[in-house]
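Undergrad: What follows is protein09.txt, compact mmCIF, N, CA and C atoms.
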# COMPACT_ATOMS: atom_id res chain seq x y z
N MET A 64 -6.76 129.64 -7.66
CA MET A 64 -6.00 130.83 -7.92
C MET A 64 -6.82 131.75 -8.82
N VAL A 65 -6.87 133.03 -8.48
CA VAL A 65 -7.60 134.02 -9.25
C VAL A 65 -6.61 134.80 -10.10
N LEU A 66 -6.90 134.91 -11.37
CA LEU A 66 -6.04 135.64 -12.29
C LEU A 66 -6.76 136.87 -12.78
N THR A 67 -6.05 137.95 -12.93
CA THR A 67 -6.64 139.16 -13.48
C THR A 67 -6.38 139.21 -14.97
N LEU A 68 -6.94 140.19 -15.62
CA LEU A 68 -6.83 140.31 -17.07
C LEU A 68 -5.38 140.29 -17.54
N THR A 69 -4.49 140.95 -16.83
CA THR A 69 -3.11 141.02 -17.28
C THR A 69 -2.32 139.76 -16.94
N GLN A 70 -2.84 138.91 -16.06
CA GLN A 70 -2.12 137.72 -15.65
C GLN A 70 -2.61 136.46 -16.35
N ARG A 71 -3.65 136.56 -17.15
CA ARG A 71 -4.28 135.38 -17.73
C ARG A 71 -3.41 134.76 -18.82
N PRO A 72 -3.14 133.47 -18.74
CA PRO A 72 -2.43 132.81 -19.83
C PRO A 72 -3.38 132.60 -21.00
N HIS A 73 -2.86 132.61 -22.19
CA HIS A 73 -3.68 132.36 -23.37
C HIS A 73 -3.78 130.86 -23.60
N GLY A 74 -4.94 130.39 -23.92
CA GLY A 74 -5.15 128.97 -24.16
C GLY A 74 -6.07 128.77 -25.34
N ASP A 75 -6.73 127.62 -25.39
CA ASP A 75 -7.63 127.39 -26.51
C ASP A 75 -8.90 128.21 -26.32
N ASN A 76 -9.62 128.42 -27.39
CA ASN A 76 -10.81 129.27 -27.36
C ASN A 76 -12.10 128.48 -27.22
N ARG A 77 -12.04 127.24 -26.73
CA ARG A 77 -13.23 126.42 -26.58
C ARG A 77 -14.28 127.13 -25.72
N LYS A 78 -13.88 127.67 -24.58
CA LYS A 78 -14.83 128.33 -23.69
C LYS A 78 -15.38 129.60 -24.32
N CYS A 79 -14.55 130.30 -25.06
CA CYS A 79 -15.02 131.50 -25.74
C CYS A 79 -16.08 131.14 -26.77
N ARG A 80 -15.84 130.07 -27.52
CA ARG A 80 -16.85 129.62 -28.49
C ARG A 80 -18.14 129.21 -27.79
N GLN A 81 -18.00 128.53 -26.64
CA GLN A 81 -19.19 128.15 -25.87
C GLN A 81 -19.95 129.38 -25.41
N ALA A 82 -19.22 130.39 -24.95
CA ALA A 82 -19.86 131.62 -24.47
C ALA A 82 -20.61 132.31 -25.61
N ARG A 83 -19.97 132.39 -26.79
CA ARG A 83 -20.63 133.02 -27.93
C ARG A 83 -21.86 132.24 -28.36
N ALA A 84 -21.75 130.91 -28.39
CA ALA A 84 -22.88 130.06 -28.78
C ALA A 84 -24.01 130.22 -27.78
N GLY A 85 -23.68 130.25 -26.50
CA GLY A 85 -24.70 130.44 -25.47
C GLY A 85 -25.38 131.78 -25.60
N PHE A 86 -24.61 132.84 -25.93
CA PHE A 86 -25.20 134.16 -26.11
C PHE A 86 -26.12 134.19 -27.31
N ARG A 87 -25.69 133.57 -28.43
CA ARG A 87 -26.54 133.55 -29.62
C ARG A 87 -27.85 132.82 -29.33
N ALA A 88 -27.77 131.71 -28.60
CA ALA A 88 -28.98 130.95 -28.27
C ALA A 88 -29.87 131.79 -27.36
N PHE A 89 -29.27 132.50 -26.43
CA PHE A 89 -30.03 133.34 -25.50
C PHE A 89 -30.70 134.48 -26.26
N ALA A 90 -29.94 135.16 -27.13
CA ALA A 90 -30.48 136.29 -27.87
C ALA A 90 -31.58 135.86 -28.83
N SER A 91 -31.47 134.66 -29.40
CA SER A 91 -32.46 134.22 -30.37
C SER A 91 -33.80 133.86 -29.73
N THR A 92 -33.84 133.78 -28.40
CA THR A 92 -35.10 133.46 -27.73
C THR A 92 -35.85 134.71 -27.31
N GLY A 93 -35.48 135.86 -27.86
CA GLY A 93 -36.15 137.09 -27.47
C GLY A 93 -35.48 137.71 -26.26
N ALA A 94 -34.16 137.74 -26.26
CA ALA A 94 -33.35 138.32 -25.18
C ALA A 94 -33.62 137.66 -23.85
N GLY A 95 -33.90 136.40 -23.89
CA GLY A 95 -33.97 135.66 -22.64
C GLY A 95 -35.34 135.52 -22.04
N ASP A 96 -36.40 135.94 -22.73
CA ASP A 96 -37.74 135.81 -22.17
C ASP A 96 -38.01 134.35 -21.83
N GLY A 97 -38.27 134.09 -20.57
CA GLY A 97 -38.57 132.74 -20.12
C GLY A 97 -37.35 131.87 -19.97
N GLN A 98 -36.16 132.36 -20.31
CA GLN A 98 -34.93 131.59 -20.21
C GLN A 98 -34.19 132.00 -18.94
N ARG A 99 -34.62 131.50 -17.82
CA ARG A 99 -34.02 131.88 -16.55
C ARG A 99 -33.27 130.70 -15.95
N LEU A 100 -32.13 131.00 -15.34
CA LEU A 100 -31.40 129.96 -14.62
C LEU A 100 -32.11 129.70 -13.30
N PRO A 101 -31.96 128.51 -12.76
CA PRO A 101 -32.52 128.27 -11.44
C PRO A 101 -31.88 129.22 -10.43
N THR A 102 -32.71 129.73 -9.53
CA THR A 102 -32.20 130.65 -8.53
C THR A 102 -31.95 129.90 -7.23
N ALA A 103 -31.48 130.63 -6.24
CA ALA A 103 -31.17 130.00 -4.96
C ALA A 103 -32.42 129.34 -4.40
N THR A 104 -32.22 128.24 -3.68
CA THR A 104 -33.35 127.54 -3.09
C THR A 104 -33.86 128.29 -1.88
N GLY A 105 -35.12 128.15 -1.60
CA GLY A 105 -35.71 128.77 -0.42
C GLY A 105 -36.05 130.22 -0.67
N SER A 106 -36.66 130.82 0.34
CA SER A 106 -37.04 132.22 0.27
C SER A 106 -35.82 133.10 0.45
N PRO A 107 -35.77 134.25 -0.22
CA PRO A 107 -34.63 135.13 -0.01
C PRO A 107 -34.59 135.68 1.41
N TYR A 108 -35.68 135.56 2.13
CA TYR A 108 -35.72 136.06 3.50
C TYR A 108 -35.22 135.05 4.51
N ASP A 109 -34.82 133.85 4.04
CA ASP A 109 -34.24 132.84 4.92
C ASP A 109 -32.72 132.99 5.01
N ILE A 110 -32.19 134.06 4.48
CA ILE A 110 -30.74 134.25 4.40
C ILE A 110 -30.23 134.88 5.69
N SER A 111 -29.15 134.32 6.24
CA SER A 111 -28.57 134.87 7.46
C SER A 111 -27.77 136.12 7.14
N VAL A 112 -27.37 136.82 8.19
CA VAL A 112 -26.60 138.05 8.03
C VAL A 112 -25.25 137.78 7.36
N ASP A 113 -24.73 136.57 7.49
CA ASP A 113 -23.43 136.25 6.93
C ASP A 113 -23.47 135.93 5.43
N GLU A 114 -24.62 135.96 4.82
CA GLU A 114 -24.72 135.65 3.39
C GLU A 114 -24.03 136.74 2.57
N PRO A 115 -23.57 136.39 1.38
CA PRO A 115 -22.78 137.32 0.57
C PRO A 115 -23.59 138.37 -0.19
N PHE A 116 -24.87 138.53 0.13
CA PHE A 116 -25.66 139.57 -0.53
C PHE A 116 -26.85 139.94 0.33
N ASP A 117 -27.41 141.10 0.03
CA ASP A 117 -28.57 141.63 0.73
C ASP A 117 -29.84 141.03 0.10
N PRO A 118 -30.74 140.45 0.92
CA PRO A 118 -31.97 139.84 0.36
C PRO A 118 -32.82 140.81 -0.45
N ALA A 119 -32.91 142.06 -0.01
CA ALA A 119 -33.70 143.04 -0.77
C ALA A 119 -33.05 143.31 -2.13
N LYS A 120 -31.72 143.41 -2.14
CA LYS A 120 -31.01 143.63 -3.40
C LYS A 120 -31.14 142.40 -4.31
N ASP A 121 -31.20 141.21 -3.70
CA ASP A 121 -31.39 139.99 -4.48
C ASP A 121 -32.74 140.02 -5.19
N THR A 122 -33.77 140.46 -4.50
CA THR A 122 -35.10 140.56 -5.10
C THR A 122 -35.09 141.52 -6.29
N VAL A 123 -34.44 142.67 -6.11
CA VAL A 123 -34.35 143.65 -7.19
C VAL A 123 -33.56 143.07 -8.37
N ASN A 124 -32.45 142.37 -8.08
CA ASN A 124 -31.64 141.78 -9.14
C ASN A 124 -32.43 140.72 -9.92
N ARG A 125 -33.24 139.94 -9.22
CA ARG A 125 -34.08 138.93 -9.89
C ARG A 125 -35.08 139.59 -10.82
N GLN A 126 -35.67 140.69 -10.37
CA GLN A 126 -36.65 141.39 -11.21
C GLN A 126 -35.99 142.04 -12.42
N LYS A 127 -34.82 142.64 -12.20
CA LYS A 127 -34.15 143.38 -13.26
C LYS A 127 -33.42 142.47 -14.25
N HIS A 128 -32.71 141.45 -13.74
CA HIS A 128 -31.85 140.63 -14.59
C HIS A 128 -32.29 139.18 -14.71
N GLY A 129 -33.27 138.76 -13.91
CA GLY A 129 -33.79 137.40 -14.01
C GLY A 129 -32.96 136.32 -13.34
N VAL A 130 -31.95 136.71 -12.56
CA VAL A 130 -31.11 135.73 -11.84
C VAL A 130 -30.86 136.23 -10.42
N SER A 131 -30.58 135.28 -9.54
CA SER A 131 -30.28 135.60 -8.15
C SER A 131 -28.82 136.02 -8.00
N LEU A 132 -28.56 136.80 -6.97
CA LEU A 132 -27.18 137.16 -6.66
C LEU A 132 -26.37 135.93 -6.26
N ALA A 133 -27.05 134.86 -5.84
CA ALA A 133 -26.36 133.62 -5.48
C ALA A 133 -25.61 133.03 -6.68
N LEU A 134 -26.01 133.38 -7.89
CA LEU A 134 -25.32 132.90 -9.08
C LEU A 134 -23.88 133.40 -9.12
N GLY A 135 -23.60 134.50 -8.43
CA GLY A 135 -22.25 135.05 -8.41
C GLY A 135 -21.21 134.04 -7.95
N ASP A 136 -21.55 133.24 -6.96
CA ASP A 136 -20.61 132.22 -6.48
C ASP A 136 -20.36 131.14 -7.52
N ARG A 137 -21.35 130.88 -8.36
CA ARG A 137 -21.19 129.85 -9.40
C ARG A 137 -20.29 130.33 -10.54
N ILE A 138 -20.22 131.65 -10.73
CA ILE A 138 -19.35 132.20 -11.77
C ILE A 138 -17.91 131.82 -11.47
N GLU A 139 -17.55 131.84 -10.21
CA GLU A 139 -16.19 131.51 -9.81
C GLU A 139 -15.85 130.05 -10.11
N GLY A 140 -16.86 129.21 -10.31
CA GLY A 140 -16.64 127.81 -10.65
C GLY A 140 -16.01 127.61 -12.02
N ASP A 141 -16.08 128.62 -12.88
CA ASP A 141 -15.41 128.55 -14.17
C ASP A 141 -13.92 128.72 -13.90
N ASP A 142 -13.14 127.69 -14.21
CA ASP A 142 -11.69 127.73 -13.93
C ASP A 142 -10.99 128.89 -14.65
N GLU A 143 -11.60 129.39 -15.69
CA GLU A 143 -10.98 130.48 -16.45
C GLU A 143 -11.71 131.80 -16.24
N HIS A 144 -12.39 131.94 -15.08
CA HIS A 144 -13.10 133.20 -14.83
C HIS A 144 -12.11 134.36 -14.82
N LEU A 145 -12.64 135.53 -15.08
CA LEU A 145 -11.85 136.74 -15.19
C LEU A 145 -12.31 137.71 -14.11
N ILE A 146 -11.38 138.34 -13.41
CA ILE A 146 -11.73 139.36 -12.43
C ILE A 146 -11.16 140.69 -12.92
N ILE A 147 -12.04 141.69 -13.00
CA ILE A 147 -11.67 143.00 -13.51
C ILE A 147 -11.90 144.03 -12.40
N PRO A 148 -10.85 144.64 -11.85
CA PRO A 148 -11.04 145.66 -10.82
C PRO A 148 -11.55 146.96 -11.43
N SER A 149 -12.35 147.69 -10.66
CA SER A 149 -12.83 149.00 -11.12
C SER A 149 -13.12 149.87 -9.90
N ILE A 150 -13.19 151.15 -10.12
CA ILE A 150 -13.50 152.09 -9.04
C ILE A 150 -14.74 152.88 -9.46
N ARG A 151 -15.73 152.93 -8.57
CA ARG A 151 -16.96 153.67 -8.88
C ARG A 151 -16.64 155.17 -8.83
N PRO A 152 -16.89 155.90 -9.93
CA PRO A 152 -16.52 157.32 -9.99
C PRO A 152 -17.24 158.20 -8.96
N ILE A 153 -18.45 157.84 -8.59
CA ILE A 153 -19.24 158.69 -7.70
C ILE A 153 -18.57 158.87 -6.34
N ASP A 154 -18.12 157.76 -5.75
CA ASP A 154 -17.56 157.84 -4.39
C ASP A 154 -16.21 157.16 -4.23
N GLY A 155 -15.63 156.67 -5.32
CA GLY A 155 -14.32 156.05 -5.26
C GLY A 155 -14.31 154.65 -4.66
N GLU A 156 -15.50 154.04 -4.49
CA GLU A 156 -15.55 152.70 -3.93
C GLU A 156 -14.92 151.70 -4.90
N GLN A 157 -14.03 150.86 -4.38
CA GLN A 157 -13.39 149.85 -5.22
C GLN A 157 -14.32 148.67 -5.37
N ARG A 158 -14.63 148.33 -6.62
CA ARG A 158 -15.50 147.21 -6.96
C ARG A 158 -14.76 146.28 -7.90
N PHE A 159 -15.31 145.09 -8.06
CA PHE A 159 -14.71 144.11 -8.95
C PHE A 159 -15.81 143.46 -9.77
N LYS A 160 -15.47 143.13 -11.02
CA LYS A 160 -16.36 142.33 -11.86
C LYS A 160 -15.73 140.96 -11.98
N ILE A 161 -16.56 139.92 -11.86
CA ILE A 161 -16.11 138.57 -12.14
C ILE A 161 -16.92 138.08 -13.32
N VAL A 162 -16.23 137.61 -14.36
CA VAL A 162 -16.87 137.16 -15.60
C VAL A 162 -16.52 135.70 -15.81
N GLY A 163 -17.53 134.87 -16.03
CA GLY A 163 -17.28 133.46 -16.25
C GLY A 163 -18.51 132.73 -16.78
N LEU A 164 -18.29 131.49 -17.20
CA LEU A 164 -19.35 130.67 -17.75
C LEU A 164 -20.11 129.93 -16.66
N VAL A 165 -21.43 129.95 -16.76
CA VAL A 165 -22.32 129.15 -15.93
C VAL A 165 -23.35 128.57 -16.87
N ALA A 166 -23.45 127.25 -16.91
CA ALA A 166 -24.40 126.57 -17.80
C ALA A 166 -24.23 127.04 -19.25
N GLU A 167 -22.97 127.15 -19.69
CA GLU A 167 -22.61 127.54 -21.05
C GLU A 167 -23.07 128.93 -21.45
N ARG A 168 -23.31 129.78 -20.47
CA ARG A 168 -23.64 131.19 -20.73
C ARG A 168 -22.69 132.04 -19.92
N LEU A 169 -22.32 133.19 -20.46
CA LEU A 169 -21.38 134.07 -19.81
C LEU A 169 -22.12 135.07 -18.92
N TYR A 170 -21.74 135.10 -17.65
CA TYR A 170 -22.35 135.99 -16.66
C TYR A 170 -21.30 136.88 -16.04
N THR A 171 -21.74 138.04 -15.57
CA THR A 171 -20.88 138.98 -14.86
C THR A 171 -21.50 139.27 -13.50
N GLY A 172 -20.67 139.18 -12.47
CA GLY A 172 -21.08 139.56 -11.13
C GLY A 172 -20.25 140.75 -10.69
N VAL A 173 -20.89 141.72 -10.07
CA VAL A 173 -20.19 142.88 -9.53
C VAL A 173 -20.20 142.73 -8.02
N PHE A 174 -19.02 142.85 -7.40
CA PHE A 174 -18.95 142.68 -5.95
C PHE A 174 -17.96 143.63 -5.32
N VAL A 175 -18.09 143.78 -4.00
CA VAL A 175 -17.16 144.55 -3.17
C VAL A 175 -16.70 143.64 -2.05
N TRP A 176 -15.59 143.98 -1.44
CA TRP A 176 -15.14 143.25 -0.26
C TRP A 176 -15.64 143.96 0.97
N ARG A 177 -16.29 143.23 1.86
CA ARG A 177 -16.74 143.71 3.16
C ARG A 177 -15.98 142.89 4.19
N GLY A 178 -14.91 143.45 4.72
CA GLY A 178 -14.04 142.67 5.59
C GLY A 178 -13.35 141.62 4.75
N ASP A 179 -13.48 140.36 5.14
CA ASP A 179 -12.87 139.27 4.37
C ASP A 179 -13.90 138.53 3.53
N ARG A 180 -15.10 139.11 3.39
CA ARG A 180 -16.17 138.46 2.61
C ARG A 180 -16.48 139.25 1.35
N ARG A 181 -16.77 138.50 0.30
CA ARG A 181 -17.19 139.12 -0.96
C ARG A 181 -18.71 139.35 -0.87
N ARG A 182 -19.15 140.56 -1.25
CA ARG A 182 -20.58 140.89 -1.20
C ARG A 182 -21.02 141.28 -2.60
N PHE A 183 -21.93 140.48 -3.20
CA PHE A 183 -22.38 140.74 -4.56
C PHE A 183 -23.39 141.87 -4.59
N ILE A 184 -23.22 142.75 -5.57
CA ILE A 184 -24.10 143.90 -5.77
C ILE A 184 -25.04 143.64 -6.94
N SER A 185 -24.51 142.97 -7.97
CA SER A 185 -25.29 142.70 -9.17
C SER A 185 -24.74 141.45 -9.86
N VAL A 186 -25.64 140.68 -10.46
CA VAL A 186 -25.26 139.55 -11.30
C VAL A 186 -26.18 139.58 -12.51
N ARG A 187 -25.58 139.47 -13.69
CA ARG A 187 -26.36 139.59 -14.93
C ARG A 187 -25.62 138.91 -16.06
N ARG A 188 -26.28 138.80 -17.22
CA ARG A 188 -25.60 138.31 -18.43
C ARG A 188 -24.53 139.31 -18.80
N SER A 189 -23.40 138.81 -19.29
CA SER A 189 -22.28 139.68 -19.67
C SER A 189 -22.63 140.49 -20.92
N ASN A 190 -22.14 141.73 -20.93
CA ASN A 190 -22.36 142.57 -22.11
C ASN A 190 -21.25 142.31 -23.14
N LYS A 191 -21.33 142.99 -24.26
CA LYS A 191 -20.40 142.75 -25.37
C LYS A 191 -18.94 142.99 -24.95
N GLY A 192 -18.68 144.06 -24.24
CA GLY A 192 -17.32 144.36 -23.82
C GLY A 192 -16.77 143.32 -22.86
N GLU A 193 -17.60 142.84 -21.94
CA GLU A 193 -17.18 141.81 -20.99
C GLU A 193 -16.94 140.48 -21.69
N ARG A 194 -17.78 140.17 -22.69
CA ARG A 194 -17.56 138.94 -23.47
C ARG A 194 -16.25 139.03 -24.23
N ARG A 195 -15.98 140.21 -24.79
CA ARG A 195 -14.75 140.41 -25.54
C ARG A 195 -13.52 140.26 -24.62
N ALA A 196 -13.58 140.84 -23.43
CA ALA A 196 -12.46 140.73 -22.48
C ALA A 196 -12.25 139.28 -22.05
N TYR A 197 -13.34 138.57 -21.80
CA TYR A 197 -13.24 137.16 -21.40
C TYR A 197 -12.60 136.33 -22.51
N CYS A 198 -13.08 136.51 -23.73
CA CYS A 198 -12.55 135.75 -24.86
C CYS A 198 -11.10 136.08 -25.13
N ALA A 199 -10.71 137.32 -24.94
CA ALA A 199 -9.31 137.72 -25.16
C ALA A 199 -8.39 137.14 -24.10
N SER A 200 -8.95 136.80 -22.94
CA SER A 200 -8.11 136.33 -21.83
C SER A 200 -7.88 134.83 -21.82
N ILE A 201 -8.63 134.09 -22.64
CA ILE A 201 -8.44 132.62 -22.62
C ILE A 201 -7.69 132.16 -23.84
Would you mind writing the structure in this file as structure tokens?
TA:
Amino acid sequence: MVLTLTQRPHGDNRKCRQARAGFRAFASTGAGDGQRLPTATGSPYDISVDEPFDPAKDTVNRQKHGVSLALGDRIEGDDEHLIIPSIRPIDGEQRFKIVGLVAERLYTGVFVWRGDRRRFISVRRSNKGERRAYCASI
């Protein structure tokens, strides 16, 4: 079951503390230099058309943020992940942010729905506002 910010029950802050500790450890290493999560196996060009992201966009995301778009699916593995709907001002496209813990670090994935499939646009470390929203929701 996916819960939005307004539907999230409040619980213990264990995951929030883990997220903050993971961020402090990440920041203390020089903003993540050399601290990369494992990316998807195989070449990004081995991806079929049905994959949830564009291989070229995955390459750009790896260069810019140091993680593969495939990490977006792992964010959902956090039972307390947060989904935040948003609309892109430029063209009114409805997008969603998913925020959750992966390997004790807080990540944010931005995605759109293409038919009945989720298509990731970006995956990166969560910023301060996203961390605050996640911590407030648990």
Undergrad: What is the CA of Val165 (chain A) to CA of Ile138 (chain A) distance in Å?
TA: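 A separation of 6.0 Å between them.
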Undergrad: Please provide as a short mmCIF file (atom, residue, chain, number, x, y, z; two decimals) with N, CA and C atoms, in the coordinates of the input all residues within 5 Å of region 181-184 of chain A, with the sequence filter that same-chain residues fewer than 5 positions apart are discarded (counting all atoms listed in the file).
TA:
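Saved file part-v8.cif follows:
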data_model
loop_
_atom_site.label_atom_id
_atom_site.label_comp_id
_atom_site.auth_asym_id
_atom_site.auth_seq_id
_atom_site.Cartn_x
_atom_site.Cartn_y
_atom_site.Cartn_z
N PRO A 115 -23.57 136.39 1.38
CA PRO A 115 -22.78 137.32 0.57
C PRO A 115 -23.59 138.37 -0.19
N PHE A 116 -24.87 138.53 0.13
CA PHE A 116 -25.66 139.57 -0.53
C PHE A 116 -26.85 139.94 0.33
N VAL A 173 -20.89 141.72 -10.07
CA VAL A 173 -20.19 142.88 -9.53
C VAL A 173 -20.20 142.73 -8.02
N PHE A 174 -19.02 142.85 -7.40
CA PHE A 174 -18.95 142.68 -5.95
C PHE A 174 -17.96 143.63 -5.32
N VAL A 175 -18.09 143.78 -4.00
CA VAL A 175 -17.16 144.55 -3.17
C VAL A 175 -16.70 143.64 -2.05
N TRP A 176 -15.59 143.98 -1.44
CA TRP A 176 -15.14 143.25 -0.26
C TRP A 176 -15.64 143.96 0.97
#
Undergrad: If I take CA of Ser149 (chain A) and CA of Arg180 (chain A), how far is one from the other in Å, to one decimal?
TA: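 Result for CA of Ser149 (chain A) versus CA of Arg180 (chain A): 17.6 Å, one decimal.
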Undergrad: Given 3 Å on each side, where is the centre and what are the edge lengths in Å to one decimal of the axis-aligned box enclosing the listed atoms of region 151-165 of chain A, as JSON?
TA:
{"center_x": -18.4, "center_y": 143.7, "center_z": -10.8, "size_x": 16.0, "size_y": 36.3, "size_z": 19.8}
Undergrad: Any idea what the distance is between atom C of Val130 (chain A) and CA of Ile161 (chain A)?
TA: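 For atom C of Val130 (chain A) relative to CA of Ile161 (chain A), the distance reads 15.0 Å.
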Undergrad: Could you give me, as a ChimeraX atom specification, the residues that sit within 5 Å of (-24.2, 140.3, -11.4) in the file's coordinates, counting only N, CA and C atoms?
TA: /A:171-173,185-187
